[in-house]
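Visitor: Here it is: the structure, laid out below.
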Amino acid sequence: MVNNGQLIMPDTAPMSFETKRVRTLPALREAITGLRSSGATIGFVPTMGALHDGHLALVRHAKSLCDKVVVSIFVNPLQFAPTEDLDRYPRDEAGDVARLQSVGCDLVYLPTVDVLYPENFVSRIEMKGPALGLETDFRPQFFSGVATVVSKLFHQVRPDVAVFGEKDFQQLAVVRALVRDFDMGIDIVGLPTIRESDGLALSSRNAYLTPEERAIAPKLHQALKAIRDGGSIEDAKAELTRAGFAQIDYIALRDAETLGDITPDTRSRRLLAALWLGKTRLIDNIAA
Ligand code: AMP
């Protein structure tokens with residue numbers, strides 16, 4: 001825009017700002033060294049891409065806590081079983097980078113599978129504690145895959161702070177335990193789930209839902225609230241089955257810190273659920 005011969009910049013993201021993209025470890029290291037050169041702190045948001053407003057809320061929050069923000073986009077094969085949706089997981093690099101640019105992300109790391117897992121890669125992280133039960137009962141490989149990739153990404157990026165969503169509540173507990181057990185010295189920050197106006201938690205996998213399924217999907221959040229407000233889990237399961245959910249993997253009330261059973265020492269409780277709507281697996285959780 002030009003006014004009286006003066007160039008006027010819009011007051012949103014500066015026009016000169018560009019999110020830098022790197023794909024290899026040497027390029028990442030060089031970019032991180034550059035970001036750190038003036039003593040800047042680094043916030044990190046690991047993702048699998050197909051970014052929505054939930055992811056962008058994490059990036060904005062990281063930006064409010066740190067001088068620079070790094071986002072990784074990597075669909076991690078280690079956390080998918082052979083029967084799962086690795087091949088059809090939504091991918092939109094150009095759209096993702098544009099979204100990241102709009103919220104001021106400084107650097108996006110887009111490694112390919114062979115960058116993270118070269119042929120001679122033989123290590124796995126196996127965890128107990130919060131990794132036991134719930135998701136693990138249905139996806140036994142999942143947290144080993146998550147912990148291995150998160151550990152690797154943390155070593156590569158070496159952030160001061162990493163921001164995760166409560167949407168994946170068990171994952172957040174697993175990452176906290178990982179960082180504590182291996183003395184990684186990274187602050188793990190969890191953010192509340194961003195939802196559609198009808199209560200459905202934003203998820204990259206919502207793109208799989210047919211219009212009919214999309215209309216049914218908010219009943220999951222409604223059912224969790226009904227249980228929190230005194231209803232029984234059995235009644236909620238019956239209601240969800242009637243509404244058209246094909247299979248309920250679990251709806252469980254747990255200790256929010258250990259993710260184990262509720263005990264007299266439990267200080268806060270979490271209600272967690274995973275269930276199938278057609279071919280799409282939805283997860284959600286609320287404080288209870
Ligand atoms: P994903 O790309 O699904 O692996 O998610 C990357 C990060 O975004 C994880 O920390 C998720 O918990 C977080 N996330 C996903 N959906 C939401 C949401 N609706 N609200 C807040 N955070 C989310």
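In the structure tokens, chains take the letters A, B, ... in the order shown, each chain's residues start at 1, and ligands count up from 1 in the order shown.
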Report as a ChimeraX atom specification all protein, DNA and RNA residues lying within 9 Å of Val115 of chain A, evaluated on only C-alpha atoms, omitting residues in the same chain fewer than 3 positions from it.

Guide: /A:23-25,111-112,118

Visitor: Could the residues that lie within 10 Å of ligand 1, counting only C-alpha atoms and all ligand atoms, be listed as an NGL selection string?

Guide: :A and (45-59 or 71-76 or 146 or 162-172 or 175 or 189-196 or 200-205 or 283-284)

Visitor: Mind checking which residues fall within 10 Å of Leu178 of chain A, counting only C-alpha atoms, ignoring those fewer than 2 positions away in the same chain, and posting them as a short mmCIF file (atom, residue, chain, number, x, y, z; two decimals) with C-alpha atoms, in the first residue's frame?

Guide:
```cif
data_model
loop_
_atom_site.label_atom_id
_atom_site.label_comp_id
_atom_site.auth_asym_id
_atom_site.auth_seq_id
_atom_site.Cartn_x
_atom_site.Cartn_y
_atom_site.Cartn_z
CA ILE A 125 12.05 -46.36 23.10
CA GLU A 126 9.65 -48.56 25.09
CA MET A 127 7.70 -47.01 27.95
CA ALA A 147 8.44 -41.70 22.02
CA THR A 148 11.12 -42.71 19.52
CA VAL A 150 9.76 -37.26 19.69
CA SER A 151 13.06 -38.15 21.35
CA LEU A 172 1.14 -35.58 26.46
CA ALA A 173 1.61 -37.68 29.63
CA VAL A 174 3.98 -40.01 27.78
CA VAL A 175 6.07 -37.09 26.48
CA ARG A 176 6.26 -35.57 29.98
CA ARG A 180 11.65 -36.43 32.87
CA ASP A 181 13.19 -39.94 32.59
CA PHE A 182 15.93 -38.89 30.17
CA ASP A 183 16.66 -35.52 31.83
CA MET A 184 16.05 -33.74 28.54
#
```

Visitor: Considering only C-alpha atoms, state which residue in the set A:Lys219, A:His155, A:Arg270, A:His61 is at the smallest distance from Ala256 of chain A.

Guide: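 Distance minimum relative to Ala256 of chain A lands on A:Arg270.
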
Visitor: Measuring between only C-alpha atoms, which one of A:Asp106, A:Asp160, A:Asp85, A:Asp92 shows the shortest distance to Lys20 of chain A?

Guide: A:Asp106

Visitor: Do a neighbour search on Leu107 of chain A at 8 Å with only C-alpha atoms, toss out local chain neighbours closer than 2 positions, and write the hits as a list in words.

Guide: Thr19, Lys20, Arg21, Val22, Ala31, Val69, Val70, Val71, Cys105 and Tyr109 of chain A

Visitor: Convert the current residue selection to file output with all heavy atoms, as an mmCIF file, in the first residue's frame.

Guide:
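And here's selection.cif as it stands now:
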```cif
data_model
loop_
_atom_site.group_PDB
_atom_site.id
_atom_site.type_symbol
_atom_site.label_atom_id
_atom_site.label_comp_id
_atom_site.auth_asym_id
_atom_site.auth_seq_id
_atom_site.Cartn_x
_atom_site.Cartn_y
_atom_site.Cartn_z
ATOM 1 N N THR A 19 8.572 -18.016 6.465
ATOM 2 C CA THR A 19 8.887 -19.239 7.202
ATOM 3 C C THR A 19 9.910 -20.014 6.390
ATOM 4 O O THR A 19 9.667 -20.352 5.235
ATOM 5 C CB THR A 19 7.612 -20.091 7.382
ATOM 6 O OG1 THR A 19 6.648 -19.322 8.105
ATOM 7 C CG2 THR A 19 7.916 -21.370 8.152
ATOM 8 N N LYS A 20 11.056 -20.278 7.023
ATOM 9 C CA LYS A 20 12.108 -21.002 6.296
ATOM 10 C C LYS A 20 11.802 -22.498 6.331
ATOM 11 O O LYS A 20 11.326 -23.011 7.340
ATOM 12 C CB LYS A 20 13.445 -20.712 6.995
ATOM 13 C CG LYS A 20 14.672 -21.190 6.271
ATOM 14 C CD LYS A 20 15.938 -20.725 7.009
ATOM 15 C CE LYS A 20 17.178 -21.475 6.593
ATOM 16 N NZ LYS A 20 17.508 -21.418 5.184
ATOM 17 N N ARG A 21 12.056 -23.199 5.205
ATOM 18 C CA ARG A 21 11.835 -24.652 5.146
ATOM 19 C C ARG A 21 13.163 -25.387 5.102
ATOM 20 O O ARG A 21 14.027 -25.020 4.300
ATOM 21 C CB ARG A 21 11.160 -25.046 3.827
ATOM 22 C CG ARG A 21 9.715 -24.789 3.765
ATOM 23 C CD ARG A 21 9.186 -25.314 2.430
ATOM 24 N NE ARG A 21 8.319 -24.292 1.869
ATOM 25 C CZ ARG A 21 7.372 -24.537 0.976
ATOM 26 N NH1 ARG A 21 7.191 -25.752 0.500
ATOM 27 N NH2 ARG A 21 6.614 -23.573 0.524
ATOM 28 N N VAL A 22 13.322 -26.429 5.904
ATOM 29 C CA VAL A 22 14.504 -27.298 5.783
ATOM 30 C C VAL A 22 14.045 -28.754 5.777
ATOM 31 O O VAL A 22 13.020 -29.091 6.367
ATOM 32 C CB VAL A 22 15.527 -27.078 6.927
ATOM 33 C CG1 VAL A 22 16.200 -25.722 6.807
ATOM 34 C CG2 VAL A 22 14.883 -27.233 8.293
ATOM 35 N N ALA A 31 20.201 -23.924 10.422
ATOM 36 C CA ALA A 31 19.118 -22.957 10.665
ATOM 37 C C ALA A 31 18.939 -22.714 12.160
ATOM 38 O O ALA A 31 18.728 -21.575 12.599
ATOM 39 C CB ALA A 31 17.820 -23.461 10.039
ATOM 40 N N VAL A 69 10.091 -19.938 16.845
ATOM 41 C CA VAL A 69 9.297 -21.166 16.857
ATOM 42 C C VAL A 69 9.664 -22.060 15.676
ATOM 43 O O VAL A 69 9.737 -21.607 14.532
ATOM 44 C CB VAL A 69 7.786 -20.856 16.824
ATOM 45 C CG1 VAL A 69 6.979 -22.145 16.710
ATOM 46 C CG2 VAL A 69 7.377 -20.116 18.081
ATOM 47 N N VAL A 70 9.890 -23.325 15.993
ATOM 48 C CA VAL A 70 10.175 -24.349 14.991
ATOM 49 C C VAL A 70 9.022 -25.354 15.008
ATOM 50 O O VAL A 70 8.591 -25.788 16.077
ATOM 51 C CB VAL A 70 11.499 -25.079 15.317
ATOM 52 C CG1 VAL A 70 11.784 -26.160 14.281
ATOM 53 C CG2 VAL A 70 12.658 -24.086 15.415
ATOM 54 N N VAL A 71 8.511 -25.687 13.823
ATOM 55 C CA VAL A 71 7.464 -26.711 13.698
ATOM 56 C C VAL A 71 8.023 -27.841 12.842
ATOM 57 O O VAL A 71 8.691 -27.576 11.832
ATOM 58 C CB VAL A 71 6.199 -26.114 13.027
ATOM 59 C CG1 VAL A 71 5.181 -27.201 12.698
ATOM 60 C CG2 VAL A 71 5.569 -25.057 13.932
ATOM 61 N N CYS A 105 5.548 -18.610 12.328
ATOM 62 C CA CYS A 105 6.503 -19.705 12.582
ATOM 63 C C CYS A 105 7.808 -19.396 11.847
ATOM 64 O O CYS A 105 7.801 -19.038 10.669
ATOM 65 C CB CYS A 105 5.902 -21.016 12.080
ATOM 66 S SG CYS A 105 7.083 -22.344 11.901
ATOM 67 N N TYR A 109 10.490 -27.810 9.686
ATOM 68 C CA TYR A 109 11.374 -28.950 9.413
ATOM 69 C C TYR A 109 10.534 -30.051 8.801
ATOM 70 O O TYR A 109 9.567 -30.517 9.431
ATOM 71 C CB TYR A 109 12.015 -29.385 10.737
ATOM 72 C CG TYR A 109 12.931 -30.582 10.683
ATOM 73 C CD1 TYR A 109 13.816 -30.793 9.618
ATOM 74 C CD2 TYR A 109 12.949 -31.507 11.733
ATOM 75 C CE1 TYR A 109 14.669 -31.888 9.601
ATOM 76 C CE2 TYR A 109 13.805 -32.597 11.723
ATOM 77 C CZ TYR A 109 14.657 -32.788 10.650
ATOM 78 O OH TYR A 109 15.507 -33.866 10.642
#
```

Visitor: Excluding same-chain residues fewer than 4 positions from Ala215 of chain A, what lies within 12 Å of it counting only C-alpha atoms, as an NGL selection string?

Guide: :A and (196 or 198-200 or 206 or 209-211 or 219-220 or 243-245 or 277)

Visitor: Store the residues picked out above in a file with N, CA, C and O atoms, as a PDB file, in the first residue's frame.

Guide:
```
ATOM      1  N   GLU A 196     -14.550 -27.371  17.193  1.00  0.00           N
ATOM      2  CA  GLU A 196     -15.535 -26.709  16.342  1.00  0.00           C
ATOM      3  C   GLU A 196     -16.643 -26.158  17.243  1.00  0.00           C
ATOM      4  O   GLU A 196     -16.760 -26.559  18.404  1.00  0.00           O
ATOM      5  N   ASP A 198     -19.639 -26.877  17.374  1.00  0.00           N
ATOM      6  CA  ASP A 198     -20.531 -27.934  17.875  1.00  0.00           C
ATOM      7  C   ASP A 198     -19.821 -28.903  18.820  1.00  0.00           C
ATOM      8  O   ASP A 198     -20.392 -29.923  19.206  1.00  0.00           O
ATOM      9  N   GLY A 199     -18.578 -28.606  19.187  1.00  0.00           N
ATOM     10  CA  GLY A 199     -17.888 -29.408  20.200  1.00  0.00           C
ATOM     11  C   GLY A 199     -16.913 -30.427  19.646  1.00  0.00           C
ATOM     12  O   GLY A 199     -16.083 -30.961  20.385  1.00  0.00           O
ATOM     13  N   LEU A 200     -16.991 -30.729  18.358  1.00  0.00           N
ATOM     14  CA  LEU A 200     -16.068 -31.722  17.785  1.00  0.00           C
ATOM     15  C   LEU A 200     -14.626 -31.200  17.888  1.00  0.00           C
ATOM     16  O   LEU A 200     -14.329 -30.085  17.463  1.00  0.00           O
ATOM     17  N   ASN A 206     -10.514 -35.589  10.798  1.00  0.00           N
ATOM     18  CA  ASN A 206     -11.924 -35.238  10.544  1.00  0.00           C
ATOM     19  C   ASN A 206     -12.194 -35.131   9.045  1.00  0.00           C
ATOM     20  O   ASN A 206     -13.339 -35.251   8.607  1.00  0.00           O
ATOM     21  N   LEU A 209     -14.257 -37.863   7.396  1.00  0.00           N
ATOM     22  CA  LEU A 209     -15.673 -38.086   7.718  1.00  0.00           C
ATOM     23  C   LEU A 209     -16.578 -37.726   6.545  1.00  0.00           C
ATOM     24  O   LEU A 209     -16.384 -36.688   5.902  1.00  0.00           O
ATOM     25  N   THR A 210     -17.568 -38.567   6.265  1.00  0.00           N
ATOM     26  CA  THR A 210     -18.596 -38.218   5.289  1.00  0.00           C
ATOM     27  C   THR A 210     -19.495 -37.153   5.933  1.00  0.00           C
ATOM     28  O   THR A 210     -19.486 -36.992   7.165  1.00  0.00           O
ATOM     29  N   PRO A 211     -20.307 -36.424   5.132  1.00  0.00           N
ATOM     30  CA  PRO A 211     -21.200 -35.421   5.735  1.00  0.00           C
ATOM     31  C   PRO A 211     -22.110 -36.029   6.799  1.00  0.00           C
ATOM     32  O   PRO A 211     -22.354 -35.411   7.832  1.00  0.00           O
ATOM     33  N   LYS A 219     -21.484 -35.862  18.851  1.00  0.00           N
ATOM     34  CA  LYS A 219     -22.114 -36.605  19.957  1.00  0.00           C
ATOM     35  C   LYS A 219     -21.066 -37.197  20.900  1.00  0.00           C
ATOM     36  O   LYS A 219     -21.370 -37.487  22.057  1.00  0.00           O
ATOM     37  N   LEU A 220     -19.858 -37.370  20.403  1.00  0.00           N
ATOM     38  CA  LEU A 220     -18.795 -37.891  21.277  1.00  0.00           C
ATOM     39  C   LEU A 220     -18.530 -36.912  22.426  1.00  0.00           C
ATOM     40  O   LEU A 220     -18.516 -37.300  23.599  1.00  0.00           O
ATOM     41  N   ALA A 243     -26.446 -43.790  18.037  1.00  0.00           N
ATOM     42  CA  ALA A 243     -26.218 -42.652  17.138  1.00  0.00           C
ATOM     43  C   ALA A 243     -25.470 -43.053  15.871  1.00  0.00           C
ATOM     44  O   ALA A 243     -25.450 -42.302  14.897  1.00  0.00           O
ATOM     45  N   GLY A 244     -24.813 -44.234  15.888  1.00  0.00           N
ATOM     46  CA  GLY A 244     -24.155 -44.691  14.669  1.00  0.00           C
ATOM     47  C   GLY A 244     -22.664 -44.933  14.779  1.00  0.00           C
ATOM     48  O   GLY A 244     -22.013 -45.240  13.778  1.00  0.00           O
ATOM     49  N   PHE A 245     -22.081 -44.780  15.995  1.00  0.00           N
ATOM     50  CA  PHE A 245     -20.666 -45.118  16.145  1.00  0.00           C
ATOM     51  C   PHE A 245     -20.513 -46.638  16.032  1.00  0.00           C
ATOM     52  O   PHE A 245     -21.253 -47.393  16.664  1.00  0.00           O
ATOM     53  N   LEU A 277     -16.041 -44.112  13.845  1.00  0.00           N
ATOM     54  CA  LEU A 277     -17.216 -43.642  13.125  1.00  0.00           C
ATOM     55  C   LEU A 277     -16.945 -44.003  11.664  1.00  0.00           C
ATOM     56  O   LEU A 277     -16.077 -43.379  11.026  1.00  0.00           O
TER      57      LEU A 277
END
```

Visitor: Can you pull out every residue from segment 29-202 of chain A that DSSP, working from the backbone, puts in strand (DSSP E or B), and format the result as a list in words?

Guide: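 Result set for segment 29-202 of chain A (strand (DSSP E or B)): Ile42, Gly43, Phe44, Val45, Pro46, Thr47, Lys68, Val69, Val70, Val71, Ser72, Ile73, Leu107, Val108, Tyr109, Val161, Ala162, Val163, Phe164, Gly165, Asp187, Ile188, Val189, Gly190, Leu191, Arg195 and Ala201 of chain A.
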
Visitor: Go ahead and save the picked residues with N, CA, C and O atoms, as a compact mmCIF listing (two decimals), in the first residue's frame.

Guide:
```
# COMPACT_ATOMS: atom_id res chain seq x y z
N ILE A 42 14.01 -21.12 21.91
CA ILE A 42 13.31 -21.82 20.83
C ILE A 42 12.15 -22.64 21.39
O ILE A 42 12.32 -23.45 22.29
N GLY A 43 10.98 -22.42 20.81
CA GLY A 43 9.80 -23.23 21.10
C GLY A 43 9.57 -24.17 19.94
O GLY A 43 9.79 -23.80 18.78
N PHE A 44 9.11 -25.38 20.25
CA PHE A 44 9.00 -26.42 19.22
C PHE A 44 7.61 -27.05 19.26
O PHE A 44 7.08 -27.33 20.34
N VAL A 45 7.04 -27.24 18.06
CA VAL A 45 5.72 -27.89 17.95
C VAL A 45 5.84 -29.02 16.93
O VAL A 45 5.84 -28.77 15.72
N PRO A 46 5.93 -30.27 17.40
CA PRO A 46 5.95 -31.39 16.44
C PRO A 46 4.55 -31.71 15.95
O PRO A 46 3.61 -31.76 16.76
N THR A 47 4.40 -31.94 14.65
CA THR A 47 3.09 -32.26 14.07
C THR A 47 3.24 -33.31 12.96
O THR A 47 4.35 -33.58 12.51
N LYS A 68 11.71 -17.70 19.16
CA LYS A 68 11.60 -18.32 17.83
C LYS A 68 10.81 -19.61 17.94
O LYS A 68 10.88 -20.30 18.96
N VAL A 69 10.09 -19.94 16.84
CA VAL A 69 9.30 -21.17 16.86
C VAL A 69 9.66 -22.06 15.68
O VAL A 69 9.74 -21.61 14.53
N VAL A 70 9.89 -23.33 15.99
CA VAL A 70 10.18 -24.35 14.99
C VAL A 70 9.02 -25.35 15.01
O VAL A 70 8.59 -25.79 16.08
N VAL A 71 8.51 -25.69 13.82
CA VAL A 71 7.46 -26.71 13.70
C VAL A 71 8.02 -27.84 12.84
O VAL A 71 8.69 -27.58 11.83
N SER A 72 7.79 -29.08 13.25
CA SER A 72 8.14 -30.19 12.36
C SER A 72 6.87 -30.79 11.79
O SER A 72 5.82 -30.82 12.45
N ILE A 73 6.97 -31.21 10.54
CA ILE A 73 5.87 -31.94 9.88
C ILE A 73 6.44 -33.27 9.43
O ILE A 73 7.32 -33.31 8.55
N LEU A 107 10.62 -21.47 11.44
CA LEU A 107 11.29 -22.54 10.71
C LEU A 107 10.40 -23.77 10.68
O LEU A 107 9.84 -24.15 11.71
N VAL A 108 10.26 -24.37 9.50
CA VAL A 108 9.52 -25.64 9.43
C VAL A 108 10.47 -26.72 8.94
O VAL A 108 11.19 -26.56 7.96
N TYR A 109 10.49 -27.81 9.69
CA TYR A 109 11.37 -28.95 9.41
C TYR A 109 10.53 -30.05 8.80
O TYR A 109 9.57 -30.52 9.43
N VAL A 161 11.40 -25.15 24.94
CA VAL A 161 10.01 -25.45 25.27
C VAL A 161 9.41 -26.25 24.12
O VAL A 161 9.72 -25.98 22.95
N ALA A 162 8.57 -27.24 24.43
CA ALA A 162 7.81 -27.90 23.36
C ALA A 162 6.33 -27.88 23.76
O ALA A 162 5.99 -28.10 24.92
N VAL A 163 5.48 -27.58 22.79
CA VAL A 163 4.05 -27.40 23.07
C VAL A 163 3.26 -28.53 22.40
O VAL A 163 3.44 -28.80 21.21
N PHE A 164 2.40 -29.17 23.20
CA PHE A 164 1.56 -30.28 22.74
C PHE A 164 0.11 -30.00 23.09
O PHE A 164 -0.19 -29.21 23.99
N GLY A 165 -0.81 -30.68 22.39
CA GLY A 165 -2.23 -30.51 22.65
C GLY A 165 -2.76 -31.53 23.64
O GLY A 165 -2.37 -32.69 23.61
N ASP A 187 10.97 -27.86 28.64
CA ASP A 187 9.68 -27.55 29.29
C ASP A 187 8.56 -28.07 28.40
O ASP A 187 8.42 -27.60 27.26
N ILE A 188 7.74 -28.97 28.90
CA ILE A 188 6.61 -29.47 28.09
C ILE A 188 5.35 -28.73 28.52
O ILE A 188 4.97 -28.75 29.69
N VAL A 189 4.72 -28.08 27.56
CA VAL A 189 3.52 -27.27 27.83
C VAL A 189 2.34 -27.92 27.11
O VAL A 189 2.42 -28.21 25.91
N GLY A 190 1.25 -28.16 27.84
CA GLY A 190 0.04 -28.73 27.24
C GLY A 190 -1.02 -27.66 27.07
O GLY A 190 -1.21 -26.83 27.96
N LEU A 191 -1.71 -27.68 25.94
CA LEU A 191 -2.76 -26.67 25.68
C LEU A 191 -4.12 -27.34 25.51
O LEU A 191 -4.21 -28.42 24.91
N ARG A 195 -11.86 -26.76 19.58
CA ARG A 195 -13.04 -27.49 19.07
C ARG A 195 -13.81 -26.67 18.04
O ARG A 195 -13.74 -25.44 18.05
N ALA A 201 -13.74 -32.01 18.45
CA ALA A 201 -12.33 -31.63 18.55
C ALA A 201 -11.73 -31.56 17.15
O ALA A 201 -11.92 -32.49 16.34
```
